[in-house]
Every structure is written in C-alpha cells, then in structure tokens.
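With PDB, N, CA and C atoms inside, this is structure.pdb:
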```pdb
ATOM      1  N   MET A  26     126.138   3.648  84.863
ATOM      2  CA  MET A  26     125.768   4.706  85.776
ATOM      3  C   MET A  26     124.257   4.927  85.745
ATOM      4  N   ARG A  27     123.693   4.924  84.570
ATOM      5  CA  ARG A  27     122.253   5.151  84.423
ATOM      6  C   ARG A  27     121.452   4.023  85.082
ATOM      7  N   LYS A  28     121.930   2.791  84.927
ATOM      8  CA  LYS A  28     121.239   1.647  85.536
ATOM      9  C   LYS A  28     121.241   1.758  87.058
ATOM     10  N   LEU A  29     122.342   2.215  87.611
ATOM     11  CA  LEU A  29     122.434   2.397  89.057
ATOM     12  C   LEU A  29     121.431   3.454  89.525
ATOM     13  N   PHE A  30     121.328   4.531  88.787
ATOM     14  CA  PHE A  30     120.390   5.591  89.124
ATOM     15  C   PHE A  30     118.950   5.080  89.099
ATOM     16  N   ILE A  31     118.611   4.331  88.062
ATOM     17  CA  ILE A  31     117.257   3.780  87.940
ATOM     18  C   ILE A  31     116.985   2.785  89.066
ATOM     19  N   ALA A  32     117.953   1.947  89.376
ATOM     20  CA  ALA A  32     117.790   0.984  90.469
ATOM     21  C   ALA A  32     117.581   1.702  91.796
ATOM     22  N   THR A  33     118.293   2.778  92.009
ATOM     23  CA  THR A  33     118.148   3.562  93.236
ATOM     24  C   THR A  33     116.749   4.171  93.325
ATOM     25  N   LEU A  34     116.275   4.719  92.228
ATOM     26  CA  LEU A  34     114.931   5.300  92.218
ATOM     27  C   LEU A  34     113.858   4.254  92.497
ATOM     28  N   MET A  35     114.032   3.079  91.955
ATOM     29  CA  MET A  35     113.041   2.027  92.145
ATOM     30  C   MET A  35     113.050   1.495  93.573
ATOM     31  N   ALA A  36     114.201   1.509  94.217
ATOM     32  CA  ALA A  36     114.317   0.999  95.577
ATOM     33  C   ALA A  36     113.840   2.009  96.608
ATOM     34  N   THR A  37     113.860   3.269  96.295
ATOM     35  CA  THR A  37     113.505   4.318  97.241
ATOM     36  C   THR A  37     112.102   4.161  97.827
ATOM     37  N   PRO A  38     111.074   3.909  97.041
ATOM     38  CA  PRO A  38     109.742   3.769  97.639
ATOM     39  C   PRO A  38     109.663   2.638  98.657
ATOM     40  N   LEU A  39     110.415   1.568  98.458
ATOM     41  CA  LEU A  39     110.410   0.474  99.420
ATOM     42  C   LEU A  39     110.951   0.926 100.768
ATOM     43  N   ALA A  40     111.999   1.737 100.750
ATOM     44  CA  ALA A  40     112.564   2.233 101.994
ATOM     45  C   ALA A  40     111.579   3.149 102.711
ATOM     46  N   VAL A  41     110.831   3.926 101.954
ATOM     47  CA  VAL A  41     109.855   4.834 102.540
ATOM     48  C   VAL A  41     108.716   4.054 103.193
ATOM     49  N   LEU A  42     108.349   2.925 102.602
ATOM     50  CA  LEU A  42     107.247   2.121 103.127
ATOM     51  C   LEU A  42     107.646   1.217 104.287
ATOM     52  N   ALA A  43     108.925   1.062 104.553
ATOM     53  CA  ALA A  43     109.387   0.191 105.635
ATOM     54  C   ALA A  43     108.880   0.716 106.976
ATOM     55  N   ALA A  44     108.501  -0.217 107.829
ATOM     56  CA  ALA A  44     107.979   0.148 109.153
ATOM     57  C   ALA A  44     109.096   0.719 110.022
ATOM     58  N   THR A  45     108.712   1.614 110.900
ATOM     59  CA  THR A  45     109.646   2.154 111.873
ATOM     60  C   THR A  45     109.971   1.069 112.890
ATOM     61  N   PRO A  46     111.256   0.830 113.152
ATOM     62  CA  PRO A  46     111.610  -0.204 114.135
ATOM     63  C   PRO A  46     111.011   0.111 115.504
ATOM     64  N   LYS A  47     110.661  -0.934 116.222
ATOM     65  CA  LYS A  47     110.149  -0.795 117.583
ATOM     66  C   LYS A  47     111.141  -1.433 118.540
ATOM     67  N   THR A  48     111.112  -0.968 119.782
ATOM     68  CA  THR A  48     111.976  -1.525 120.816
ATOM     69  C   THR A  48     111.122  -1.912 122.014
ATOM     70  N   VAL A  49     111.356  -3.118 122.519
ATOM     71  CA  VAL A  49     110.677  -3.583 123.724
ATOM     72  C   VAL A  49     111.719  -4.114 124.698
ATOM     73  N   THR A  50     111.353  -4.102 125.967
ATOM     74  CA  THR A  50     112.198  -4.698 126.988
ATOM     75  C   THR A  50     111.456  -5.886 127.576
ATOM     76  N   LEU A  51     112.151  -7.009 127.635
ATOM     77  CA  LEU A  51     111.584  -8.232 128.187
ATOM     78  C   LEU A  51     112.193  -8.507 129.555
ATOM     79  N   ASP A  52     111.355  -8.918 130.507
ATOM     80  CA  ASP A  52     111.844  -9.445 131.773
ATOM     81  C   ASP A  52     112.106 -10.921 131.536
ATOM     82  N   VAL A  53     113.336 -11.362 131.788
ATOM     83  CA  VAL A  53     113.737 -12.726 131.461
ATOM     84  C   VAL A  53     114.005 -13.506 132.741
ATOM     85  N   GLN A  54     113.375 -14.670 132.856
ATOM     86  CA  GLN A  54     113.541 -15.534 134.023
ATOM     87  C   GLN A  54     114.659 -16.548 133.782
ATOM     88  N   ASN A  55     115.148 -17.124 134.854
ATOM     89  CA  ASN A  55     116.091 -18.250 134.842
ATOM     90  C   ASN A  55     117.516 -17.901 134.437
ATOM     91  N   MET A  56     117.869 -16.630 134.307
ATOM     92  CA  MET A  56     119.262 -16.297 133.984
ATOM     93  C   MET A  56     120.065 -16.333 135.282
ATOM     94  N   THR A  57     120.899 -17.361 135.413
ATOM     95  CA  THR A  57     121.630 -17.557 136.658
ATOM     96  C   THR A  57     123.151 -17.589 136.493
ATOM     97  N   CYS A  58     123.628 -17.611 135.252
ATOM     98  CA  CYS A  58     125.078 -17.690 135.048
ATOM     99  C   CYS A  58     125.492 -16.801 133.880
ATOM    100  N   ALA A  59     126.788 -16.714 133.659
ATOM    101  CA  ALA A  59     127.319 -15.836 132.615
ATOM    102  C   ALA A  59     126.963 -16.297 131.203
ATOM    103  N   ILE A  60     126.663 -17.560 131.028
ATOM    104  CA  ILE A  60     126.313 -18.098 129.704
ATOM    105  C   ILE A  60     124.852 -17.784 129.348
ATOM    106  N   CYS A  61     124.003 -17.637 130.326
ATOM    107  CA  CYS A  61     122.568 -17.413 130.085
ATOM    108  C   CYS A  61     122.282 -16.236 129.147
ATOM    109  N   PRO A  62     122.884 -15.061 129.361
ATOM    110  CA  PRO A  62     122.594 -13.938 128.454
ATOM    111  C   PRO A  62     122.983 -14.221 127.002
ATOM    112  N   ILE A  63     124.025 -15.010 126.812
ATOM    113  CA  ILE A  63     124.443 -15.355 125.451
ATOM    114  C   ILE A  63     123.374 -16.199 124.780
ATOM    115  N   THR A  64     122.847 -17.164 125.510
ATOM    116  CA  THR A  64     121.795 -18.031 124.977
ATOM    117  C   THR A  64     120.545 -17.222 124.657
ATOM    118  N   VAL A  65     120.160 -16.324 125.560
ATOM    119  CA  VAL A  65     118.980 -15.478 125.348
ATOM    120  C   VAL A  65     119.186 -14.605 124.110
ATOM    121  N   LYS A  66     120.359 -13.992 123.999
ATOM    122  CA  LYS A  66     120.645 -13.113 122.855
ATOM    123  C   LYS A  66     120.571 -13.886 121.543
ATOM    124  N   LYS A  67     121.189 -15.047 121.497
ATOM    125  CA  LYS A  67     121.190 -15.841 120.263
ATOM    126  C   LYS A  67     119.775 -16.280 119.891
ATOM    127  N   SER A  68     118.965 -16.629 120.869
ATOM    128  CA  SER A  68     117.592 -17.057 120.557
ATOM    129  C   SER A  68     116.781 -15.906 119.981
ATOM    130  N   LEU A  69     116.984 -14.700 120.479
ATOM    131  CA  LEU A  69     116.259 -13.536 119.971
ATOM    132  C   LEU A  69     116.768 -13.110 118.594
ATOM    133  N   GLU A  70     118.058 -13.228 118.368
ATOM    134  CA  GLU A  70     118.622 -12.838 117.070
ATOM    135  C   GLU A  70     118.133 -13.746 115.936
ATOM    136  N   LYS A  71     117.659 -14.927 116.253
ATOM    137  CA  LYS A  71     117.149 -15.843 115.235
ATOM    138  C   LYS A  71     115.738 -15.481 114.766
ATOM    139  N   VAL A  72     115.061 -14.612 115.501
ATOM    140  CA  VAL A  72     113.700 -14.208 115.121
ATOM    141  C   VAL A  72     113.802 -13.257 113.926
ATOM    142  N   PRO A  73     113.140 -13.587 112.806
ATOM    143  CA  PRO A  73     113.181 -12.702 111.639
ATOM    144  C   PRO A  73     112.676 -11.294 111.990
ATOM    145  N   GLY A  74     113.420 -10.288 111.566
ATOM    146  CA  GLY A  74     113.038  -8.907 111.822
ATOM    147  C   GLY A  74     113.751  -8.273 113.000
ATOM    148  N   VAL A  75     114.422  -9.072 113.816
ATOM    149  CA  VAL A  75     115.164  -8.532 114.958
ATOM    150  C   VAL A  75     116.476  -7.946 114.463
ATOM    151  N   SER A  76     116.762  -6.707 114.874
ATOM    152  CA  SER A  76     117.989  -6.057 114.419
ATOM    153  C   SER A  76     119.008  -5.839 115.536
ATOM    154  N   VAL A  77     118.546  -5.607 116.765
ATOM    155  CA  VAL A  77     119.454  -5.356 117.879
ATOM    156  C   VAL A  77     118.930  -6.056 119.125
ATOM    157  N   VAL A  78     119.845  -6.720 119.851
ATOM    158  CA  VAL A  78     119.485  -7.356 121.119
ATOM    159  C   VAL A  78     120.544  -6.980 122.147
ATOM    160  N   LYS A  79     120.104  -6.476 123.291
ATOM    161  CA  LYS A  79     120.999  -6.182 124.408
ATOM    162  C   LYS A  79     120.438  -6.867 125.642
ATOM    163  N   VAL A  80     121.224  -7.759 126.224
ATOM    164  CA  VAL A  80     120.784  -8.500 127.403
ATOM    165  C   VAL A  80     121.546  -7.979 128.615
ATOM    166  N   ASP A  81     120.817  -7.669 129.684
ATOM    167  CA  ASP A  81     121.417  -7.193 130.921
ATOM    168  C   ASP A  81     121.235  -8.278 131.985
ATOM    169  N   PHE A  82     122.333  -8.959 132.300
ATOM    170  CA  PHE A  82     122.277 -10.060 133.270
ATOM    171  C   PHE A  82     121.849  -9.568 134.644
ATOM    172  N   ASN A  83     122.381  -8.421 135.085
ATOM    173  CA  ASN A  83     122.073  -7.914 136.425
ATOM    174  C   ASN A  83     120.605  -7.533 136.587
ATOM    175  N   LYS A  84     120.026  -6.957 135.557
ATOM    176  CA  LYS A  84     118.618  -6.555 135.621
ATOM    177  C   LYS A  84     117.680  -7.669 135.174
ATOM    178  N   LYS A  85     118.243  -8.735 134.582
ATOM    179  CA  LYS A  85     117.451  -9.860 134.061
ATOM    180  C   LYS A  85     116.484  -9.375 132.980
ATOM    181  N   THR A  86     117.023  -8.571 132.047
ATOM    182  CA  THR A  86     116.202  -8.039 130.954
ATOM    183  C   THR A  86     116.891  -8.241 129.612
ATOM    184  N   ALA A  87     116.086  -8.165 128.572
ATOM    185  CA  ALA A  87     116.585  -8.151 127.200
ATOM    186  C   ALA A  87     115.852  -7.025 126.483
ATOM    187  N   THR A  88     116.602  -6.119 125.889
ATOM    188  CA  THR A  88     116.021  -5.031 125.118
ATOM    189  C   THR A  88     116.208  -5.382 123.645
ATOM    190  N   VAL A  89     115.090  -5.398 122.918
ATOM    191  CA  VAL A  89     115.094  -5.894 121.543
ATOM    192  C   VAL A  89     114.518  -4.839 120.601
ATOM    193  N   THR A  90     115.246  -4.551 119.532
ATOM    194  CA  THR A  90     114.752  -3.676 118.475
ATOM    195  C   THR A  90     114.408  -4.572 117.293
ATOM    196  N   TYR A  91     113.209  -4.364 116.742
ATOM    197  CA  TYR A  91     112.727  -5.256 115.687
ATOM    198  C   TYR A  91     111.830  -4.512 114.707
ATOM    199  N   ASP A  92     111.628  -5.126 113.549
ATOM    200  CA  ASP A  92     110.737  -4.610 112.516
ATOM    201  C   ASP A  92     109.342  -5.179 112.793
ATOM    202  N   PRO A  93     108.376  -4.331 113.134
ATOM    203  CA  PRO A  93     107.043  -4.832 113.476
ATOM    204  C   PRO A  93     106.298  -5.481 112.306
ATOM    205  N   ASP A  94     106.794  -5.272 111.074
ATOM    206  CA  ASP A  94     106.192  -5.945 109.920
ATOM    207  C   ASP A  94     106.671  -7.391 109.822
ATOM    208  N   LYS A  95     107.784  -7.701 110.476
ATOM    209  CA  LYS A  95     108.366  -9.038 110.376
ATOM    210  C   LYS A  95     108.293  -9.837 111.678
ATOM    211  N   ALA A  96     108.198  -9.166 112.804
ATOM    212  CA  ALA A  96     108.185  -9.854 114.099
ATOM    213  C   ALA A  96     107.143  -9.234 115.009
ATOM    214  N   LYS A  97     106.631 -10.040 115.890
ATOM    215  CA  LYS A  97     105.671  -9.594 116.901
ATOM    216  C   LYS A  97     106.267  -9.863 118.285
ATOM    217  N   PRO A  98     105.865  -9.094 119.288
ATOM    218  CA  PRO A  98     106.396  -9.328 120.636
ATOM    219  C   PRO A  98     106.204 -10.774 121.111
ATOM    220  N   GLU A  99     105.111 -11.399 120.705
ATOM    221  CA  GLU A  99     104.857 -12.783 121.110
ATOM    222  C   GLU A  99     105.940 -13.720 120.575
ATOM    223  N   ALA A 100     106.462 -13.423 119.390
ATOM    224  CA  ALA A 100     107.537 -14.243 118.821
ATOM    225  C   ALA A 100     108.820 -14.087 119.636
ATOM    226  N   LEU A 101     109.027 -12.909 120.196
ATOM    227  CA  LEU A 101     110.212 -12.666 121.016
ATOM    228  C   LEU A 101     110.136 -13.447 122.320
ATOM    229  N   THR A 102     108.985 -13.368 122.990
ATOM    230  CA  THR A 102     108.846 -14.106 124.247
ATOM    231  C   THR A 102     108.861 -15.611 124.009
ATOM    232  N   MET A 103     108.329 -16.046 122.885
ATOM    233  CA  MET A 103     108.350 -17.478 122.541
ATOM    234  C   MET A 103     109.788 -17.940 122.316
ATOM    235  N   ALA A 104     110.600 -17.108 121.677
ATOM    236  CA  ALA A 104     111.992 -17.476 121.403
ATOM    237  C   ALA A 104     112.766 -17.697 122.702
ATOM    238  N   THR A 105     112.606 -16.800 123.662
ATOM    239  CA  THR A 105     113.331 -16.971 124.918
ATOM    240  C   THR A 105     112.781 -18.162 125.701
ATOM    241  N   THR A 106     111.473 -18.313 125.699
ATOM    242  CA  THR A 106     110.841 -19.430 126.412
ATOM    243  C   THR A 106     111.319 -20.764 125.836
ATOM    244  N   ASN A 107     111.367 -20.858 124.522
ATOM    245  CA  ASN A 107     111.802 -22.097 123.879
ATOM    246  C   ASN A 107     113.265 -22.427 124.166
ATOM    247  N   SER A 108     114.056 -21.417 124.519
ATOM    248  CA  SER A 108     115.448 -21.681 124.854
ATOM    249  C   SER A 108     115.659 -21.869 126.355
ATOM    250  N   GLY A 109     114.561 -21.920 127.112
ATOM    251  CA  GLY A 109     114.648 -22.191 128.548
ATOM    252  C   GLY A 109     114.603 -20.970 129.443
ATOM    253  N   TYR A 110     114.287 -19.826 128.866
ATOM    254  CA  TYR A 110     114.252 -18.575 129.624
ATOM    255  C   TYR A 110     112.933 -17.850 129.377
ATOM    256  N   PRO A 111     111.885 -18.243 130.092
ATOM    257  CA  PRO A 111     110.597 -17.576 129.894
ATOM    258  C   PRO A 111     110.715 -16.070 130.100
ATOM    259  N   SER A 112     109.994 -15.318 129.280
ATOM    260  CA  SER A 112     110.061 -13.862 129.415
ATOM    261  C   SER A 112     108.677 -13.256 129.226
ATOM    262  N   THR A 113     108.569 -12.042 129.722
ATOM    263  CA  THR A 113     107.345 -11.259 129.556
ATOM    264  C   THR A 113     107.761  -9.838 129.184
ATOM    265  N   MET A 114     106.875  -9.152 128.476
ATOM    266  CA  MET A 114     107.147  -7.758 128.119
ATOM    267  C   MET A 114     106.974  -6.863 129.334
ATOM    268  N   GLN A 115     107.894  -5.923 129.503
ATOM    269  CA  GLN A 115     107.732  -4.912 130.552
ATOM    270  C   GLN A 115     106.637  -3.955 130.154
ATOM    271  N   ARG A 116     105.930  -3.452 131.102
ATOM    272  CA  ARG A 116     104.872  -2.477 130.835
ATOM    273  C   ARG A 116     105.299  -1.104 131.216
TER
END
```
Kindly return the structure encoded in the file as structure tokens.
Amino acid sequence: MRKLFIATLMATPLAVLAATPKTVTLDVQNMTCAICPITVKKSLEKVPGVSVVKVDFNKKTATVTYDPDKAKPEALTMATTNSGYPSTMQR
C-alpha cells in the first residue's frame, strides 16, 4: 500500500506538466467513397500524440485532438497527404 502511495505521488507532477490537448480541423481532399474516411482516420491515428480522430465524409473534414508536445499540425497534414488525401488546417 505504501509503495502505491509513493508511486502515485511521484507520478503526479508528470500529469501536472502534461500539455493541454489541442484540437484542429483539417479540410481533406479526395474523399470520394465510404472507405476514404477510414483510411484518413487510420493515417491520423498513427501519428504519435493523437488521441481522438473524427472524420466527416459529408463535410470533407477531420477533427483531430492531439498532444502538442508530441505532434504538430504539420505532422497531421503530412499523414493524410501520405495516405493520398491532402489536407490543410481550417482557419
């Protein structure tokens, strides 16, 4: 029990220092069929630091929540582009 308490205390500062997750929406090109959003989602989920991906086929967008200490928006657009779906960040 004591070891668990000490481990918890030691881990707490790390949680406090963790960056606040950020969310961006990407405009995604070339999504023309029902399989496209799945491919886009899987490519974004492979980016380290990405925690949530929601792809909207009708709007041709992907909304991505990520840890800014581990991922940058450029890595997100590169991931979709490399899978055949170029994207840009919405402003």
Convert the output of the PyMOL selection byres ((chain A and resi 72) around 8) on the shown file into explicit residues, formatted as a ChimeraX atom specification. /A:67-71,73-76,95-96,100-101,104
Test item, helix (DSSP H, G or I) assignment across chain A, answer as a ChimeraX atom specification: /A:27-42,61-70,98-107
Using atom C of Pro98 in chain A and atom N of Ile63 in chain A as the two end points, give the distance in Å to one decimal. 19.2 Å
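The residue that comes closest to Thr113 in chain A, out of A:Asn55, A:Thr90, A:Thr50, A:Thr64 and on the basis of all atoms listed in the file, is A:Thr50.
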Run through the PyMOL selection byres (((chain A and resi 80 and name CA) around 9) and name CA) on the given coordinates and return the selected residues as a list in words. Pro62, Ile63, Val65, Lys66, Val78, Lys79, Asp81, Phe82, Lys84, Lys85, Thr86, Ala87, Thr88 and Val89 of chain A
Atom N of Tyr110 in chain A to atom C of Thr57 in chain A, straight-line distance in Å: 11.9 Å
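The two atoms in question, atom C of Met56 in chain A and CA of Pro111 in chain A, are spaced 11.0 Å apart.
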Centre and size of axis-aligned box enclosing range 67-86 of chain A plus 8 Å each side, as JSON:
```
{"center_x": 117.5, "center_y": -11.2, "center_z": 124.1, "size_x": 25.7, "size_y": 27.7, "size_z": 41.0}
```
Picked from range 39-82 of chain A by DSSP as strand (DSSP E or B), as a PDB file with N, CA and C atoms, keeping the file's coordinate frame:
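Once everything was written out, this is selection07.pdb:
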```
ATOM      1  N   LYS A  47     110.661  -0.934 116.222  1.00  0.00           N
ATOM      2  CA  LYS A  47     110.149  -0.795 117.583  1.00  0.00           C
ATOM      3  C   LYS A  47     111.141  -1.433 118.540  1.00  0.00           C
ATOM      4  N   THR A  48     111.112  -0.968 119.782  1.00  0.00           N
ATOM      5  CA  THR A  48     111.976  -1.525 120.816  1.00  0.00           C
ATOM      6  C   THR A  48     111.122  -1.912 122.014  1.00  0.00           C
ATOM      7  N   VAL A  49     111.356  -3.118 122.519  1.00  0.00           N
ATOM      8  CA  VAL A  49     110.677  -3.583 123.724  1.00  0.00           C
ATOM      9  C   VAL A  49     111.719  -4.114 124.698  1.00  0.00           C
ATOM     10  N   THR A  50     111.353  -4.102 125.967  1.00  0.00           N
ATOM     11  CA  THR A  50     112.198  -4.698 126.988  1.00  0.00           C
ATOM     12  C   THR A  50     111.456  -5.886 127.576  1.00  0.00           C
ATOM     13  N   LEU A  51     112.151  -7.009 127.635  1.00  0.00           N
ATOM     14  CA  LEU A  51     111.584  -8.232 128.187  1.00  0.00           C
ATOM     15  C   LEU A  51     112.193  -8.507 129.555  1.00  0.00           C
ATOM     16  N   ASP A  52     111.355  -8.918 130.507  1.00  0.00           N
ATOM     17  CA  ASP A  52     111.844  -9.445 131.773  1.00  0.00           C
ATOM     18  C   ASP A  52     112.106 -10.921 131.536  1.00  0.00           C
ATOM     19  N   VAL A  53     113.336 -11.362 131.788  1.00  0.00           N
ATOM     20  CA  VAL A  53     113.737 -12.726 131.461  1.00  0.00           C
ATOM     21  C   VAL A  53     114.005 -13.506 132.741  1.00  0.00           C
ATOM     22  N   VAL A  75     114.422  -9.072 113.816  1.00  0.00           N
ATOM     23  CA  VAL A  75     115.164  -8.532 114.958  1.00  0.00           C
ATOM     24  C   VAL A  75     116.476  -7.946 114.463  1.00  0.00           C
ATOM     25  N   SER A  76     116.762  -6.707 114.874  1.00  0.00           N
ATOM     26  CA  SER A  76     117.989  -6.057 114.419  1.00  0.00           C
ATOM     27  C   SER A  76     119.008  -5.839 115.536  1.00  0.00           C
ATOM     28  N   VAL A  77     118.546  -5.607 116.765  1.00  0.00           N
ATOM     29  CA  VAL A  77     119.454  -5.356 117.879  1.00  0.00           C
ATOM     30  C   VAL A  77     118.930  -6.056 119.125  1.00  0.00           C
ATOM     31  N   VAL A  78     119.845  -6.720 119.851  1.00  0.00           N
ATOM     32  CA  VAL A  78     119.485  -7.356 121.119  1.00  0.00           C
ATOM     33  C   VAL A  78     120.544  -6.980 122.147  1.00  0.00           C
ATOM     34  N   LYS A  79     120.104  -6.476 123.291  1.00  0.00           N
ATOM     35  CA  LYS A  79     120.999  -6.182 124.408  1.00  0.00           C
ATOM     36  C   LYS A  79     120.438  -6.867 125.642  1.00  0.00           C
ATOM     37  N   VAL A  80     121.224  -7.759 126.224  1.00  0.00           N
ATOM     38  CA  VAL A  80     120.784  -8.500 127.403  1.00  0.00           C
ATOM     39  C   VAL A  80     121.546  -7.979 128.615  1.00  0.00           C
ATOM     40  N   ASP A  81     120.817  -7.669 129.684  1.00  0.00           N
ATOM     41  CA  ASP A  81     121.417  -7.193 130.921  1.00  0.00           C
ATOM     42  C   ASP A  81     121.235  -8.278 131.985  1.00  0.00           C
TER      43      ASP A  81
END
```
So which residues get picked by the PyMOL selection byres ((chain A and resi 47) around 5) here, written as number ranges by chain? A: 45-46, 48-49, 90-91
